[in-house]
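Asks: What follows is the file data-v7.txt, containing compact mmCIF, C-alpha atoms:
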```txt
# COMPACT_ATOMS: atom_id res chain seq x y z
CA LEU E 1 0.00 0.00 0.00
CA SER E 2 1.07 3.59 -0.52
CA GLY E 3 3.36 4.52 2.37
CA LEU E 4 3.34 1.03 3.89
CA ALA E 5 5.73 -1.85 3.21
CA VAL E 6 6.13 -5.10 5.12
CA ASP E 7 9.03 -7.51 4.65
CA VAL E 8 9.30 -10.86 6.42
CA ILE E 9 12.92 -11.73 7.16
CA GLY E 10 14.22 -15.12 8.22
CA GLY E 11 10.72 -16.46 8.73
CA THR E 12 10.67 -14.92 12.22
CA HIS E 13 10.76 -11.14 11.83
CA ALA E 14 8.31 -8.81 10.10
CA ILE E 15 9.64 -5.32 9.42
CA ILE E 16 7.07 -2.60 8.77
CA MET E 17 8.19 0.57 7.00
CA SER E 18 5.93 3.58 7.43
CA SER E 19 6.40 6.56 5.12
CA ALA E 20 2.95 8.20 5.06
CA ALA E 21 0.87 10.11 7.58
CA TRP E 22 -2.11 7.75 7.30
CA VAL E 23 0.09 4.82 8.32
CA GLU E 24 1.25 6.56 11.51
CA ILE E 25 -2.28 7.68 12.31
CA HIS E 26 -3.59 4.11 12.03
CA LYS E 27 -0.49 2.47 13.52
CA CYS E 28 -2.34 0.48 16.19
CA ALA E 29 -4.87 -0.94 13.73
CA ILE E 30 -2.16 -1.82 11.21
CA LEU E 31 -0.04 -3.58 13.83
CA SER E 32 -3.05 -5.55 15.00
CA GLU E 33 -4.01 -6.67 11.50
CA ILE E 34 -0.46 -7.67 10.56
CA GLU E 35 0.05 -9.60 13.79
CA ASN E 36 -3.26 -11.44 13.26
CA ALA E 37 -2.40 -12.24 9.64
CA LEU E 38 0.99 -13.65 10.66
CA LYS E 39 -0.58 -15.80 13.37
CA GLU E 40 -3.15 -17.22 10.96
CA ALA E 41 -0.54 -18.03 8.31
CA HIS E 42 2.14 -19.34 10.70
CA GLU E 43 0.54 -20.59 13.89
CA GLU E 44 3.74 -22.30 15.03
CA VAL E 45 5.97 -19.21 14.71
CA GLN E 46 6.24 -16.35 17.18
CA PHE E 47 6.96 -13.34 14.97
CA ASP E 48 8.74 -10.25 16.17
CA VAL E 49 7.07 -7.27 14.48
CA ILE E 50 9.32 -4.23 14.07
CA TRP E 51 8.02 -0.76 13.21
CA ARG E 52 10.19 1.67 11.28
CA ASN E 53 9.45 5.03 9.73
CA THR E 54 11.09 7.75 7.68
CA PRO E 55 10.64 11.11 9.43
CA SER E 56 11.62 13.14 6.35
CA ARG E 57 8.89 11.52 4.22
CA LEU E 58 6.37 11.88 7.04
CA LYS E 59 7.20 15.58 7.34
CA GLN E 60 6.52 16.00 3.62
CA ASP E 61 3.13 14.43 4.32
CA GLY E 62 2.44 16.98 7.06
CA PHE E 63 3.01 14.57 9.95
CA GLU E 64 5.33 15.67 12.74
CA MET E 65 6.88 12.90 14.85
CA GLY E 66 7.07 15.07 17.98
CA GLU E 67 8.01 13.22 21.14
CA GLU E 68 7.51 9.86 19.43
CA LYS E 69 10.59 10.40 17.29
CA GLN E 70 12.19 7.07 16.49
CA GLU E 71 15.30 6.27 18.52
CA ALA E 72 18.04 3.73 17.93
CA ASP E 73 16.98 0.23 18.98
CA PRO E 74 19.31 -1.28 21.63
CA ARG E 75 19.03 -4.57 19.73
CA SER E 76 20.54 -3.05 16.56
CA ASP E 77 23.40 -5.58 16.57
CA VAL E 78 21.07 -8.60 16.74
CA GLU E 79 21.56 -10.68 13.60
CA VAL E 80 19.01 -12.76 11.72
CA THR E 81 20.05 -15.09 8.90
CA ALA E 82 17.72 -14.94 5.92
CA MET E 83 17.65 -17.17 2.85
CA GLU E 84 16.48 -16.20 -0.61
CA SER E 85 16.76 -18.46 -3.66
CA GLY E 86 19.32 -20.62 -1.87
CA VAL E 87 21.54 -17.67 -0.93
CA ARG E 88 21.98 -16.80 2.74
CA TYR E 89 22.27 -13.26 4.08
CA HIS E 90 23.20 -11.68 7.38
CA THR E 91 20.44 -9.19 8.20
CA PHE E 92 19.97 -6.80 11.10
CA PRO E 93 16.24 -6.13 11.32
CA TYR E 94 16.53 -3.86 14.35
CA ALA E 95 19.26 -1.65 12.90
CA ASP E 96 18.54 1.63 11.16
CA GLY E 97 19.51 0.35 7.71
CA GLN E 98 18.21 0.97 4.22
CA LYS E 99 14.50 0.54 3.66
CA THR E 100 13.29 -2.49 5.68
CA GLY E 101 16.78 -3.98 5.85
CA PHE E 102 16.61 -6.12 2.70
CA TYR E 103 15.48 -5.43 -0.86
CA CYS E 104 12.94 -8.20 -1.33
CA ASP E 105 11.49 -6.42 -4.37
CA GLN E 106 14.50 -7.38 -6.54
CA ARG E 107 14.20 -11.09 -5.72
CA GLU E 108 12.95 -12.25 -9.13
CA ASN E 109 15.31 -9.94 -11.02
CA ARG E 110 18.27 -11.40 -9.14
CA ARG E 111 17.22 -14.88 -10.22
CA MET E 112 16.66 -13.76 -13.80
CA VAL E 113 20.09 -12.19 -14.18
CA ALA E 114 21.84 -15.12 -12.51
CA GLU E 115 20.60 -17.45 -15.25
CA LEU E 116 22.55 -15.36 -17.79
CA CYS E 117 25.88 -15.25 -15.97
CA ALA E 118 27.50 -18.64 -16.61
CA GLY E 119 31.20 -18.11 -17.25
CA LYS E 120 30.78 -14.32 -17.22
CA ARG E 121 32.54 -11.51 -15.37
CA VAL E 122 29.87 -9.61 -13.46
CA LEU E 123 29.84 -6.07 -12.05
CA ASP E 124 27.20 -5.25 -9.42
CA LEU E 125 26.96 -1.45 -9.02
CA CYS E 126 25.32 -0.02 -5.89
CA CYS E 127 25.47 -3.58 -4.61
CA TYR E 128 24.19 -3.01 -1.03
CA ASN E 129 24.44 -6.48 0.57
CA GLY E 130 25.68 -8.14 -2.63
CA GLY E 131 22.45 -9.78 -3.78
CA PHE E 132 23.02 -9.66 -7.53
CA ALA E 133 26.71 -10.57 -7.26
CA LEU E 134 26.08 -13.52 -4.93
CA ASN E 135 23.27 -14.89 -7.09
CA ALA E 136 25.43 -14.55 -10.21
CA VAL E 137 28.17 -16.68 -8.64
CA MET E 138 26.11 -19.18 -6.67
CA ARG E 139 23.10 -19.69 -8.94
CA GLY E 140 24.53 -18.57 -12.25
CA SER E 141 28.07 -20.02 -12.14
CA ALA E 142 29.63 -16.65 -13.00
CA LEU E 143 33.39 -16.66 -13.45
CA SER E 144 33.67 -13.76 -10.99
CA ALA E 145 31.59 -10.95 -9.52
CA THR E 146 32.62 -7.54 -8.25
CA GLY E 147 30.29 -5.41 -6.13
CA VAL E 148 30.70 -1.67 -5.62
CA ASP E 149 28.95 0.55 -3.09
CA SER E 150 29.71 3.92 -1.51
CA SER E 151 28.72 2.63 1.94
CA GLN E 152 31.37 0.82 3.98
CA ASP E 153 28.61 -0.87 5.99
CA ALA E 154 27.15 -2.25 2.76
CA VAL E 155 30.54 -3.48 1.55
CA ASP E 156 31.24 -5.14 4.91
CA ALA E 157 27.82 -6.80 4.85
CA ALA E 158 28.29 -8.07 1.29
CA THR E 159 31.75 -9.43 2.15
CA LYS E 160 30.36 -11.29 5.17
CA ASN E 161 27.50 -12.65 3.05
CA ALA E 162 30.03 -14.03 0.57
CA GLU E 163 31.87 -15.71 3.43
CA LEU E 164 28.59 -17.08 4.78
CA ASN E 165 27.89 -18.70 1.40
CA GLY E 166 31.44 -19.92 0.82
CA CYS E 167 31.97 -17.94 -2.38
CA SER E 168 34.59 -15.39 -1.31
CA ALA E 169 37.07 -16.73 -3.85
CA LYS E 170 34.87 -15.55 -6.73
CA THR E 171 33.54 -12.32 -5.26
CA THR E 172 35.11 -8.95 -4.47
CA PHE E 173 33.39 -6.01 -2.85
CA VAL E 174 34.78 -2.49 -3.08
CA ARG E 175 33.88 0.75 -1.37
CA ASP E 176 33.83 3.51 -3.98
CA ASP E 177 31.59 5.96 -5.74
CA VAL E 178 30.26 3.92 -8.67
CA ALA E 179 30.94 6.71 -11.18
CA ASN E 180 34.54 6.94 -10.00
CA TYR E 181 34.91 3.15 -10.11
CA MET E 182 33.71 3.00 -13.71
CA ARG E 183 35.98 5.88 -14.68
CA CYS E 184 39.00 4.10 -13.18
CA THR E 185 37.96 0.85 -14.88
CA MET E 186 37.91 2.60 -18.26
CA GLU E 187 41.32 4.17 -17.60
CA LYS E 188 42.78 0.74 -16.81
CA GLY E 189 41.23 -0.75 -19.95
CA GLU E 190 39.23 -3.33 -18.00
CA ASP E 191 35.71 -4.51 -18.85
CA TYR E 192 32.87 -6.80 -17.80
CA ASP E 193 30.40 -9.13 -19.51
CA VAL E 194 27.34 -8.46 -17.33
CA ILE E 195 26.62 -5.27 -15.39
CA VAL E 196 23.83 -4.55 -12.92
CA LEU E 197 23.20 -0.88 -12.20
CA ASP E 198 20.75 -0.45 -9.31
CA PRO E 199 21.22 3.05 -7.84
CA PRO E 200 19.20 4.51 -4.96
CA LYS E 201 16.20 6.70 -5.67
CA LEU E 202 17.50 9.61 -7.77
CA ALA E 203 14.12 11.20 -8.52
CA PRO E 204 12.06 11.39 -5.31
CA SER E 205 9.55 13.64 -7.05
CA VAL E 206 8.52 14.83 -10.51
CA SER E 207 10.28 18.16 -9.89
CA SER E 208 13.63 16.37 -9.65
CA LEU E 209 13.25 14.43 -12.91
CA ASP E 210 15.52 16.66 -15.02
CA LYS E 211 18.43 16.45 -12.60
CA ALA E 212 17.89 12.71 -12.08
CA SER E 213 17.72 12.10 -15.84
CA ARG E 214 21.18 13.60 -16.28
CA LYS E 215 22.52 11.35 -13.52
CA TYR E 216 20.88 8.22 -14.97
CA HIS E 217 22.25 9.16 -18.39
CA ALA E 218 25.81 9.49 -17.10
CA LEU E 219 25.71 6.29 -15.06
CA ASN E 220 24.29 4.20 -17.90
CA ARG E 221 26.71 5.70 -20.43
CA ASP E 222 29.68 4.83 -18.23
CA ALA E 223 28.30 1.34 -17.56
CA MET E 224 28.08 0.68 -21.30
CA ASN E 225 31.62 1.94 -21.70
CA VAL E 226 32.95 -0.83 -19.45
CA ILE E 227 31.03 -3.65 -21.12
CA ASN E 228 33.16 -6.02 -23.21
CA PRO E 229 34.03 -3.94 -26.31
CA THR E 230 34.72 -6.90 -28.61
CA LYS E 231 31.88 -9.29 -27.69
CA GLY E 232 29.33 -6.99 -26.10
CA GLY E 233 27.39 -7.97 -23.02
CA LEU E 234 24.33 -7.43 -20.85
CA LEU E 235 23.20 -4.45 -18.79
CA LEU E 236 20.39 -4.64 -16.24
CA THR E 237 19.66 -1.03 -15.39
CA CYS E 238 17.17 -0.10 -12.70
CA THR E 239 15.29 2.86 -11.31
CA CYS E 240 13.33 2.71 -8.06
CA SER E 241 11.94 6.22 -8.58
CA ALA E 242 8.21 6.13 -9.23
CA ALA E 243 8.41 9.50 -10.99
CA MET E 244 10.91 8.05 -13.46
CA SER E 245 9.19 4.68 -13.89
CA GLN E 246 5.74 6.17 -14.55
CA LYS E 247 6.58 9.08 -16.85
CA ASP E 248 5.29 8.47 -20.37
CA GLY E 249 4.11 5.03 -19.36
CA GLY E 250 7.66 3.91 -18.58
CA GLN E 251 9.08 4.96 -21.93
CA PHE E 252 10.87 7.99 -20.49
CA PHE E 253 13.41 5.89 -18.56
CA LEU E 254 14.05 3.68 -21.59
CA ASN E 255 14.64 6.79 -23.68
CA VAL E 256 17.19 8.01 -21.11
CA VAL E 257 19.05 4.71 -21.43
CA ASN E 258 18.89 4.88 -25.22
CA GLY E 259 20.35 8.39 -25.06
CA ALA E 260 23.16 7.05 -22.91
CA ALA E 261 23.83 4.37 -25.53
CA LEU E 262 24.15 7.03 -28.23
CA SER E 263 26.65 8.91 -26.06
CA ALA E 264 28.62 5.71 -25.46
CA LYS E 265 28.46 4.87 -29.17
CA ARG E 266 27.07 1.42 -28.35
CA ARG E 267 24.10 -0.25 -29.97
CA VAL E 268 21.55 -1.58 -27.48
CA THR E 269 18.66 -4.00 -27.79
CA LEU E 270 15.95 -4.11 -25.13
CA LEU E 271 15.42 -7.72 -24.07
CA ARG E 272 12.88 -7.34 -21.28
CA VAL E 273 11.39 -4.92 -18.77
CA SER E 274 10.33 -6.06 -15.33
CA GLY E 275 9.43 -4.50 -12.01
CA ALA E 276 9.16 -5.46 -8.38
CA ALA E 277 8.70 -9.09 -7.37
CA SER E 278 5.22 -10.53 -7.81
CA CYS E 279 4.48 -10.24 -4.07
CA HIS E 280 4.51 -6.46 -4.59
CA THR E 281 0.98 -6.19 -5.93
CA GLN E 282 -0.22 -3.09 -7.78
CA SER E 283 -3.44 -1.14 -8.07
CA PRO E 284 -3.02 1.19 -11.07
CA ALA E 285 -6.28 3.02 -10.37
CA SER E 286 -6.00 3.70 -6.64
CA TRP E 287 -2.22 3.62 -6.22
CA PRO E 288 -0.17 4.22 -9.37
CA ALA E 289 2.94 4.78 -7.20
CA GLY E 290 3.02 1.00 -6.74
CA ALA E 291 4.73 0.83 -10.13
CA TYR E 292 7.90 2.37 -8.75
CA LEU E 293 10.57 -0.10 -9.86
CA THR E 294 11.77 -0.56 -13.42
CA ALA E 295 14.45 -3.13 -14.26
CA ALA E 296 15.36 -3.04 -17.95
CA LEU E 297 17.63 -5.69 -19.44
CA PHE E 298 19.61 -4.59 -22.50
CA HIS E 299 22.05 -6.32 -24.77
CA VAL E 300 24.92 -3.93 -25.41
CA GLY E 301 26.56 -4.65 -28.73
CA PRO E 302 30.31 -4.66 -29.38
CA ILE E 303 32.10 -1.57 -30.57
CA THR E 304 32.10 -1.48 -34.35
CA LYS E 305 34.66 0.39 -36.40
```
Please render this file's structure as structure tokens.
Replies:
Amino acid sequence: LSGLAVDVIGGTHAIIMSSAAWVEIHKCAILSEIENALKEAHEEVQFDVIWRNTPSRLKQDGFEMGEEKQEADPRSDVEVTAMESGVRYHTFPYADGQKTGFYCDQRENRRMVAELCAGKRVLDLCCYNGGFALNAVMRGSALSATGVDSSQDAVDAATKNAELNGCSAKTTFVRDDVANYMRCTMEKGEDYDVIVLDPPKLAPSVSSLDKASRKYHALNRDAMNVINPTKGGLLLTCTCSAAMSQKDGGQFFLNVVNGAALSAKRRVTLLRVSGAASCHTQSPASWPAGAYLTAALFHVGPITK
């Protein structure tokens, strides 16, 4: 629902993310309904339900936290091991991490890309906890996978997840600005066969679309520039900005990527467009913002002379 997300982690923890005034106003009723639904579906499990919110988004909605301002949970270092598609992850549901602590909405896209990575060199940009990189190696038999993120906490988490799954030998995680990493990669003459570009929300509103478009253009252009120049490769490029995903029925984002291809002097072919995992249901009439995630898979052709 708009302003409300619930992720179940490890089969024992349900994390609720509130980002709208109506959710805070009806907090007690929402908690009661979610707890009852969990009990009915899993009678044998005692779920720990965790409430999180984003004060900045709530303020935009006209809701002031006041004295109920969210404080750091003393259990922030408590770890829960989650499994998705056969890959295990260290998660910290009580910590003040990104979103609800794990990006469940990319679950099916991680599986899809993994199937295309056999024997390939994979680059996972804005990797967070390493989901795409780990799936590429473990499920897709990738030759190697490198993950890049500007957050040291994310890089540490991804490194520990690789150790947890016994695939450290084929994975490397680096703390760097992704634009800088790609620039250095080009300067060294290195390249990759498969690239996943999954940046954070760059267009939080329609008013920020122009600035975000320039950023998406530059990131996608640079990503194409480090794809294998002689054989070509694959690029899964994503936007989690509803304003970007919905403009012109989704065509706007694809046009931005096509513009980036022209700048990179690479020919691209759109193979498929997907969104959030199927558990993220949509109601186009009452809640168009549900179509917030676009994941577009392109084949990037080799450089022709």
Asks: For Ser76 of chain E, which residue out of E:Leu38, E:Ile227, E:Ile50, E:Val273 is the nearest one, using all atoms listed in the file?
Replies: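 Of the candidates, the smallest distance to Ser76 of chain E is held by E:Ile50.
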Asks: Can you list, as a PyMOL selection string, every protein, DNA or RNA residue that comes within 9 Å of Gly130 of chain E when you count all atoms listed in the file, leaving out same-chain residues fewer than 2 positions away?
Replies: chain E and resi 124+126-128+132-135+146-148+154-155+157-159+161-162+173
Asks: For Ala114 of chain E, work out the shell of residues within 9 Å, counting all atoms listed in the file and skipping chain neighbours fewer than 3 positions away, then give it as a count of residues only.
Replies: 16
Asks: Quote the spacing between atom CA of Val113 of chain E and atom CA of Tyr89 of chain E in Å to one decimal place.
Replies: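 Taking atom CA of Val113 of chain E as the start and atom CA of Tyr89 of chain E as the end point, the length is 18.4 Å.
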Asks: So that I can check the surroundings of Ala260 of chain E, please list as number ranges by chain every protein, DNA and RNA residue that reaches within 8 Å of it, counting only C-alpha atoms and ignoring chain neighbours fewer than 3 positions away.
Replies: E: 217-218, 220-221, 256-257, 263-264
Asks: Kindly give the distance, in Å, that separates atom CA of Leu164 of chain E and atom CA of Leu234 of chain E, rounded to a single decimal.
Replies: 27.7 Å
Asks: Could you give me, as a ChimeraX atom specification, the residues within 7 Å of Gly233 of chain E, counting only C-alpha atoms and dropping anything in the same chain fewer than 2 positions from it?
Replies: /E:193-194,227-228,231,235,299-301
Asks: Excluding segment 199-213 of chain E and residues on its chain fewer than 2 positions from it, collect all residues at most 6 Å away from it, counting all atoms listed in the file, and give them as a PyMOL selection string.
Replies: chain E and resi 126+215-217+240-241+243
Asks: Taking only C-alpha atoms into account, name the residue in E:Ser245, E:Ser85, E:Thr304, E:Asn129 that is nearest to Glu108 of chain E.
Replies: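 Distance minimum relative to Glu108 of chain E lands on E:Ser85.
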Asks: Choose the residue, out of E:Arg267, E:Phe102, E:Phe298, E:Leu123, that has the smallest atom-to-atom separation from Glu190 of chain E; count only C-alpha atoms.
Replies: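 Among E:Arg267, E:Phe102, E:Phe298, E:Leu123, it is E:Leu123 that comes nearest to Glu190 of chain E.
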Asks: Do you have the atom CA of Leu254 of chain E-atom CA of Asp198 of chain E distance handy?
Replies: 14.6 Å
Asks: Which residue gives the smallest distance to Phe253 of chain E among E:Val45, E:Met182, E:Met112, E:Cys238, with all atoms listed in the file counted?
Replies: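 Residue with the minimum atom-to-atom distance to Phe253 of chain E: E:Cys238.
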Asks: Using all atoms listed in the file, pick whichever of E:Asp222, E:Glu33, E:Glu84, E:Lys27 has the shortest atom-to-atom distance to Gln106 of chain E.
Replies: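 Under the stated criterion, the closest residue is E:Glu84.
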Asks: Give the answer as one residue: which of E:Cys184, E:Ser2, E:Ile195, E:Ile9 has the shortest atom-to-atom distance to Arg88 of chain E, using only C-alpha atoms?
Replies: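 Under the stated criterion, the closest residue is E:Ile9.
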Asks: Quick one: what's the axis-aligned box for segment 76-92 of chain E, all listed atoms, 3 Å on every side, centre and edges in Å to one decimal, as lines of an AutoDock Vina configuration file?
Replies:
```
center_x = 19.9
center_y = -11.8
center_z = 6.5
size_x = 12.9
size_y = 23.6
size_z = 26.4
```
